Amino acid sequence: MTQSMQFLPPRRSRQRTRVLLTAAVILGILNSIAYHSAALGGWIPHLHVTDRQLVGVLLGSDLILGLLALSLVPAAIAHDTEELEEDSYIGPPSALVGGLVVITVWQIAPLAMAAGAVVIISISSRVSASWTVPAICASILSALISQLAFQPQQTEISWGAIGATTIITLVLVALGTVRGKHLRSLRRPPDGSAG
């Protein structure tokens, strides 16, 4: 008898999405508070901002982009039952689009950082280069945009920060890939089972 495929029940999937979104919101708020406190208080010299108007712009952009990213997390980590039925189906295109938007702002808005990490793991768990490579590129682009447009107190690009973002991204991709391969192994019938 063939082992039946393991489906993620809709209720469990919704609970998982709620837990991940809640974690992304809480960690994002804590990260945002720490980042802006450091920028205002001058605890970290290269983050220190003295111009009050600039502080308002940075806070506003963090809030707007962070809320955008958080609102897209459920769509970005959504899975479809067809993924379990057909190996060639990676997932709904809306998940890729939403995920790339989240990843593009994860280094720009401190509020979106945890959301970006969750989405990178989710996208790479689909084990598809056509989804993972754009996610890696979006992450590097996010670090570049952050350096060029959202850190005016720095006079030049910090390639070390971009390199660190790339390394963190690759670690998250590795975690997601391992998770994705493990989930796929669970739904395949064991070798030698009757068809």
# chains A, B, ... in the order shown; residues from 1 in each chain; ligands from 1
>>> select_by_dssp(residues="region 20-188 of chain A", states="alpha helix (DSSP H)", output="PyMOL selection string")
chain A and resi 20-41+52-76+82-85+93-105+113-124+129-149+159-187
>>> residues_around(residues="Ser130 (chain A)", least_positions_apart="2", cutoff="12 Å", atoms="only C-alpha atoms", output="list in words")
Ser88, Tyr89, Ile90, Gly91, Pro93, Leu96, Ile123, Ser124, Arg126, Val127, Ser128, Thr132, Val133, Pro134, Ala135, Ile136 and Cys137 of chain A
>>> write_last_selection(atoms="N, CA, C and O atoms", output="tab-separated table (two decimals), in the first residue's frame")
chain	number	residue	atom	x	y	z
A	88	SER	N	6.72	19.60	-9.88
A	88	SER	CA	7.14	20.69	-10.77
A	88	SER	C	6.50	22.03	-10.40
A	88	SER	O	6.95	23.08	-10.85
A	89	TYR	N	5.47	22.00	-9.56
A	89	TYR	CA	4.79	23.24	-9.15
A	89	TYR	C	5.48	23.79	-7.90
A	89	TYR	O	5.52	23.14	-6.87
A	90	ILE	N	6.02	25.00	-8.01
A	90	ILE	CA	6.81	25.58	-6.91
A	90	ILE	C	5.91	26.28	-5.90
A	90	ILE	O	6.13	26.19	-4.69
A	91	GLY	N	4.94	27.02	-6.38
A	91	GLY	CA	4.05	27.75	-5.49
A	91	GLY	C	3.34	28.86	-6.24
A	91	GLY	O	3.62	29.11	-7.42
A	93	PRO	N	2.47	32.33	-7.81
A	93	PRO	CA	3.30	33.47	-8.21
A	93	PRO	C	3.19	34.66	-7.25
A	93	PRO	O	4.16	35.41	-7.05
A	96	LEU	N	5.90	34.63	-4.66
A	96	LEU	CA	7.20	35.12	-5.12
A	96	LEU	C	7.22	36.64	-5.19
A	96	LEU	O	8.15	37.28	-4.70
A	123	ILE	N	10.95	31.19	0.92
A	123	ILE	CA	11.18	31.10	-0.53
A	123	ILE	C	12.20	30.01	-0.85
A	123	ILE	O	12.01	29.20	-1.76
A	124	SER	N	13.29	29.95	-0.08
A	124	SER	CA	14.32	28.95	-0.37
A	124	SER	C	13.87	27.54	-0.01
A	124	SER	O	14.41	26.56	-0.52
A	126	ARG	N	11.31	26.21	-0.96
A	126	ARG	CA	10.64	25.66	-2.14
A	126	ARG	C	11.64	24.94	-3.06
A	126	ARG	O	11.25	24.32	-4.04
A	127	VAL	N	12.92	25.07	-2.72
A	127	VAL	CA	14.02	24.39	-3.41
A	127	VAL	C	13.95	24.58	-4.92
A	127	VAL	O	13.88	23.62	-5.68
A	128	SER	N	13.95	25.83	-5.33
A	128	SER	CA	13.93	26.17	-6.75
A	128	SER	C	14.86	27.35	-7.00
A	128	SER	O	14.68	28.42	-6.39
A	132	THR	N	14.92	31.13	-5.58
A	132	THR	CA	15.97	31.45	-4.61
A	132	THR	C	16.95	32.50	-5.12
A	132	THR	O	17.32	33.42	-4.38
A	133	VAL	N	17.36	32.40	-6.38
A	133	VAL	CA	18.34	33.36	-6.93
A	133	VAL	C	17.78	34.79	-6.92
A	133	VAL	O	18.46	35.71	-6.46
A	134	PRO	N	16.54	35.04	-7.38
A	134	PRO	CA	16.00	36.39	-7.28
A	134	PRO	C	15.90	36.89	-5.83
A	134	PRO	O	16.10	38.08	-5.56
A	135	ALA	N	15.63	35.98	-4.90
A	135	ALA	CA	15.56	36.38	-3.48
A	135	ALA	C	16.93	36.85	-2.98
A	135	ALA	O	17.04	37.85	-2.28
A	136	ILE	N	17.99	36.12	-3.36
A	136	ILE	CA	19.35	36.52	-2.97
A	136	ILE	C	19.69	37.88	-3.59
A	136	ILE	O	20.22	38.77	-2.91
A	137	CYS	N	19.37	38.05	-4.86
A	137	CYS	CA	19.64	39.34	-5.55
A	137	CYS	C	18.86	40.48	-4.90
A	137	CYS	O	19.40	41.58	-4.72
>>> residues_around(residues="Tyr35 (chain A)", least_positions_apart="3", cutoff="12 Å", atoms="only C-alpha atoms", output="PyMOL selection string")
chain A and resi 28-32+38-44+46-49+55+58-59+62+107-111+113
>>> atom_distance(atom1="CA of Val25 (chain A)", atom2="CA of Leu183 (chain A)")
25.9 Å
>>> atom_distance(atom1="CA of Leu70 (chain A)", atom2="CA of Val19 (chain A)")
12.8 Å
